[in-house]
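As provided, protein20.txt (compact mmCIF, C-alpha atoms) reads as follows.
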```
# COMPACT_ATOMS: atom_id res chain seq x y z
CA MET A 903 -45.49 22.72 90.69
CA SER A 904 -46.22 19.83 88.94
CA PRO A 905 -44.09 18.58 86.29
CA LEU A 906 -46.86 18.84 83.82
CA LEU A 907 -47.36 22.49 84.52
CA THR A 908 -43.76 23.25 84.04
CA ILE A 909 -43.80 21.47 80.76
CA ALA A 910 -46.95 23.33 79.72
CA ALA A 911 -45.46 26.68 80.80
CA ALA A 912 -42.26 25.85 78.97
CA GLU A 913 -44.23 24.99 75.89
CA ALA A 914 -46.11 28.28 76.11
CA GLU A 915 -42.83 30.13 76.07
CA SER A 916 -41.14 28.69 73.07
CA PRO A 917 -37.52 29.60 72.82
CA LEU A 918 -37.86 30.00 69.08
CA ILE A 919 -40.57 32.64 69.26
CA PRO A 920 -39.32 35.81 70.95
CA PRO A 921 -41.57 37.91 73.09
CA ILE A 922 -43.50 40.63 71.25
CA PRO A 923 -41.92 43.66 72.97
CA GLU A 924 -38.41 42.38 72.14
CA LEU A 925 -39.52 41.71 68.63
CA VAL A 926 -40.85 45.27 68.24
CA ILE A 927 -37.74 46.86 69.81
CA GLY A 928 -35.44 44.67 67.67
CA LEU A 929 -37.41 45.49 64.54
CA LEU A 930 -37.37 49.22 65.37
CA ALA A 931 -33.60 49.12 66.07
CA PHE A 932 -33.07 47.24 62.79
CA VAL A 933 -35.05 49.85 60.82
CA ILE A 934 -33.11 52.70 62.48
CA VAL A 935 -29.73 51.06 61.83
CA PHE A 936 -30.75 50.09 58.26
CA GLY A 937 -32.07 53.61 57.60
CA PHE A 938 -28.87 55.12 58.98
CA LEU A 939 -26.74 52.77 56.88
CA ALA A 940 -28.89 53.43 53.78
CA LYS A 941 -28.75 57.25 54.18
CA LYS A 942 -25.24 57.81 55.44
CA LEU A 943 -23.00 54.82 54.93
CA LEU A 944 -24.38 53.24 51.72
CA PRO A 945 -23.83 56.37 49.53
CA ASN A 946 -20.25 56.63 50.81
CA ILE A 947 -19.70 52.93 50.13
CA ASN A 948 -21.23 53.26 46.63
CA LYS A 949 -19.12 56.37 46.00
CA VAL A 950 -15.92 54.54 47.02
CA LEU A 951 -16.91 51.50 44.94
CA ASP A 952 -17.65 53.73 41.91
CA GLU A 953 -14.30 55.48 42.34
CA ARG A 954 -12.53 52.12 42.55
CA ARG A 955 -14.39 50.82 39.49
CA GLU A 956 -13.51 53.98 37.55
CA ALA A 957 -9.90 53.76 38.70
CA ILE A 958 -9.71 50.11 37.68
CA GLU A 959 -11.40 50.78 34.34
CA GLY A 960 -9.15 53.84 33.81
CA GLY A 961 -6.13 51.72 34.70
CA ILE A 962 -7.24 49.06 32.23
CA GLU A 963 -7.77 51.70 29.56
CA LYS A 964 -4.37 53.22 30.35
CA ALA A 965 -2.81 49.76 30.24
CA ASP A 966 -4.50 49.08 26.89
CA ALA A 967 -3.30 52.44 25.56
CA ALA A 968 0.20 51.77 26.86
CA LYS A 969 0.12 48.29 25.31
CA THR A 970 -1.05 49.74 21.99
CA GLU A 971 1.65 52.41 22.12
CA ALA A 972 4.28 49.81 23.05
CA GLU A 973 3.21 47.63 20.13
CA SER A 974 3.37 50.66 17.84
CA VAL A 975 6.86 51.55 19.10
CA LEU A 976 7.91 47.90 18.71
CA GLU A 977 6.68 47.87 15.10
CA GLN A 978 8.54 51.14 14.43
CA TYR A 979 11.66 49.67 16.01
CA LYS A 980 11.37 46.52 13.92
CA ALA A 981 10.88 48.62 10.78
CA GLN A 982 13.90 50.77 11.62
CA LEU A 983 15.94 47.67 12.40
CA ALA A 984 14.95 46.08 9.08
CA GLU A 985 15.79 49.33 7.28
CA ALA A 986 19.14 49.53 9.06
CA ARG A 987 19.92 45.93 8.12
CA HIS A 988 18.95 46.66 4.53
CA GLU A 989 21.13 49.79 4.52
CA ALA A 990 24.04 47.84 6.03
CA ALA A 991 23.69 45.15 3.36
CA ARG A 992 23.57 47.82 0.66
CA LEU A 993 26.69 49.51 2.09
CA ARG A 994 28.51 46.16 2.26
CA GLN A 995 27.59 45.44 -1.36
CA GLU A 996 28.68 48.92 -2.40
CA ALA A 997 31.97 48.57 -0.52
CA THR A 998 32.58 45.19 -2.15
CA GLU A 999 31.92 46.65 -5.58
CA GLN A 1000 34.19 49.62 -4.86
CA GLY A 1001 36.87 47.24 -3.57
CA THR A 1002 36.61 45.20 -6.76
CA VAL A 1003 36.90 48.33 -8.89
CA ILE A 1004 39.90 49.56 -6.87
CA ILE A 1005 41.58 46.16 -7.17
CA GLN A 1006 41.02 46.16 -10.94
CA GLU A 1007 42.36 49.72 -11.20
CA MET A 1008 45.41 48.78 -9.14
CA LYS A 1009 46.01 45.70 -11.30
CA ALA A 1010 45.73 47.81 -14.45
CA GLU A 1011 48.09 50.42 -12.96
CA GLY A 1012 50.52 47.68 -11.94
CA GLN A 1013 50.35 46.17 -15.45
CA ARG A 1014 50.94 49.60 -17.00
CA GLN A 1015 53.92 50.25 -14.71
CA ARG A 1016 55.30 46.78 -15.43
CA GLU A 1017 55.05 47.43 -19.17
CA GLU A 1018 56.75 50.82 -18.74
CA ILE A 1019 59.57 49.18 -16.74
CA ILE A 1020 59.95 46.44 -19.36
CA ALA A 1021 59.98 49.01 -22.17
CA ALA A 1022 62.55 51.11 -20.28
CA GLY A 1023 64.60 47.95 -19.69
CA HIS A 1024 64.47 47.05 -23.40
CA THR A 1025 65.49 50.59 -24.31
CA GLN A 1026 68.36 50.47 -21.81
CA ILE A 1027 69.46 47.04 -23.05
CA GLU A 1028 69.38 48.28 -26.66
CA ALA A 1029 71.41 51.36 -25.72
CA ASP A 1030 73.89 49.21 -23.78
CA ARG A 1031 74.11 46.77 -26.70
CA LYS A 1032 74.82 49.62 -29.12
CA ALA A 1033 77.41 51.10 -26.76
CA ALA A 1034 79.03 47.67 -26.34
CA ALA A 1035 78.97 47.09 -30.11
CA SER A 1036 80.55 50.48 -30.69
CA ALA A 1037 83.23 49.87 -28.06
CA LEU A 1038 83.83 46.38 -29.42
CA ARG A 1039 84.04 47.75 -32.91
CA GLN A 1040 86.69 50.24 -31.83
CA ASP A 1041 88.65 47.60 -29.93
CA VAL A 1042 88.41 45.10 -32.79
CA GLY A 1043 89.39 47.85 -35.22
CA LYS A 1044 92.41 48.79 -33.17
CA LEU A 1045 93.49 45.18 -32.83
CA ALA A 1046 92.87 44.53 -36.53
CA THR A 1047 94.90 47.60 -37.48
CA GLU A 1048 97.78 46.54 -35.27
CA LEU A 1049 97.64 43.01 -36.66
CA ALA A 1050 97.41 44.25 -40.23
CA GLY A 1051 100.31 46.60 -39.59
CA LYS A 1052 102.42 43.73 -38.30
CA LEU A 1053 101.47 41.54 -41.26
CA VAL A 1054 102.07 44.21 -43.87
CA GLY A 1055 105.10 45.44 -42.16
CA GLU A 1056 104.24 49.08 -42.36
CA SER A 1057 102.35 51.33 -40.07
CA LEU A 1058 98.69 51.89 -40.75
CA GLU A 1059 98.51 54.89 -38.49
CA ASP A 1060 96.54 57.00 -40.96
CA HIS A 1061 93.27 57.37 -39.13
CA ALA A 1062 91.00 57.80 -42.15
CA ARG A 1063 92.42 54.77 -43.88
CA GLN A 1064 92.31 52.82 -40.68
CA SER A 1065 88.66 53.71 -40.16
CA ARG A 1066 87.69 52.69 -43.70
CA THR A 1067 89.55 49.41 -43.40
CA ILE A 1068 87.95 48.60 -40.08
CA ASP A 1069 84.48 49.47 -41.31
CA ARG A 1070 84.89 47.37 -44.45
CA PHE A 1071 86.24 44.44 -42.39
CA LEU A 1072 83.41 44.62 -39.83
CA ASP A 1073 80.76 45.00 -42.54
CA GLU A 1074 82.07 41.83 -44.18
CA LEU A 1075 81.91 40.06 -40.81
CA GLU A 1076 78.35 41.23 -40.21
CA ASP A 1077 77.28 40.16 -43.70
CA GLY A 1078 78.79 36.72 -43.10
CA ALA A 1079 77.03 36.42 -39.75
CA ALA A 1080 73.71 37.50 -41.30
CA LYS A 1081 74.07 34.91 -44.09
CA ALA A 1082 74.88 32.20 -41.52
CA GLU A 1083 71.76 33.06 -39.52
CA ALA A 1084 69.61 33.11 -42.67
CA THR A 1085 70.71 29.55 -43.62
CA ARG A 1086 69.75 28.18 -40.22
```
Could you write out this structure as structure tokens?
Amino acid sequence: MSPLLTIAAAEAESPLIPPIPELVIGLLAFVIVFGFLAKKLLPNINKVLDERREAIEGGIEKADAAKTEAESVLEQYKAQLAEARHEAARLRQEATEQGTVIIQEMKAEGQRQREEIIAAGHTQIEADRKAAASALRQDVGKLATELAGKLVGESLEDHARQSRTIDRFLDELEDGAAKAEATR
């Protein structure tokens, strides 16, 4: 074989162009496989893809609903928290006002008790002063009677006379003391 013939035969059988029977068999096999895939496998694939799309869309819708509900709950929580803070502030204010009122009442009660104690003390002091004045009067009277008896030289044991003398003497002393205070 000549080299030219081999080249011509090789050119007649191009490797890029397949032989007709192979081309027909390949095309027939392709149509059978494609038909099988289109009738059996493609509907199942589309069904699975539709289910996935619906699941994804349903999941997104559920997520959106959950997000909306969460935002709603958050707003309710914030409103309740604000209301609780407002209520706490109101209770604090009320407690402060009540505390102020109680303190004022306690101060007034303390003042009233202090005034009662002072009044009772003044009353007791006045009673003690009168008792002391009465006892002093008796002691001064007794001493004055004894002294007068020694000066006069006779006994002034008569009780009525003694009492009148003492009263007159003490009245004169009180009048003198009152006049001395008035001139000051």
Dump as a Markdown table the rows for residues of range 990-1050 of chain A within 9 Å of range 1068-1072 of chain A: closest atom pair and distance in Å with one decimal, all atoms listed in the file counted, ordered by chain and rising residue number.
```
| residue | atom | partner | partner_atom | distance |
| --- | --- | --- | --- | --- |
| A:Arg1039 | CA | A:Leu1072 | CA | 7.6 |
| A:Gln1040 | CA | A:Ile1068 | CA | 8.5 |
| A:Val1042 | CA | A:Ile1068 | CA | 8.1 |
| A:Gly1043 | CA | A:Ile1068 | CA | 5.1 |
| A:Lys1044 | CA | A:Ile1068 | CA | 8.2 |
| A:Ala1046 | CA | A:Ile1068 | CA | 7.3 |
| A:Thr1047 | CA | A:Ile1068 | CA | 7.5 |
```
CA of Gly937 in chain A sits from CA of Pro917 in chain A at a separation of 28.9 Å
CA of Lys1081 in chain A to CA of Ala1035 in chain A: how many Å, to one decimal? 19.2 Å
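Put simply, CA of Ala1084 in chain A is 24.3 Å away from CA of His1024 in chain A.
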Using only C-alpha atoms, find each residue in range 970-993 of chain A having at least one atom no more than 12 Å away from range 941-965 of chain A; report its shortest atom-to-atom pair and that distance in Å (one decimal), rows by chain then rising number, as a tab-separated table.
```
residue	atom	partner	partner_atom	distance
A:Thr970	CA	A:Ala965	CA	8.4
A:Glu971	CA	A:Ala965	CA	9.6
A:Ala972	CA	A:Ala965	CA	10.1
A:Glu973	CA	A:Ala965	CA	12.0
```
Print the selection's residues with C-alpha atoms to a file, as an mmCIF file, keeping the file's coordinate frame.
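Done, and the output landed in again05.cif:
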```cif
data_model
loop_
_atom_site.group_PDB
_atom_site.id
_atom_site.type_symbol
_atom_site.label_atom_id
_atom_site.label_comp_id
_atom_site.auth_asym_id
_atom_site.auth_seq_id
_atom_site.Cartn_x
_atom_site.Cartn_y
_atom_site.Cartn_z
ATOM 1 C CA THR A 970 -1.050 49.740 21.990
ATOM 2 C CA GLU A 971 1.650 52.410 22.120
ATOM 3 C CA ALA A 972 4.280 49.810 23.050
ATOM 4 C CA GLU A 973 3.210 47.630 20.130
#
```
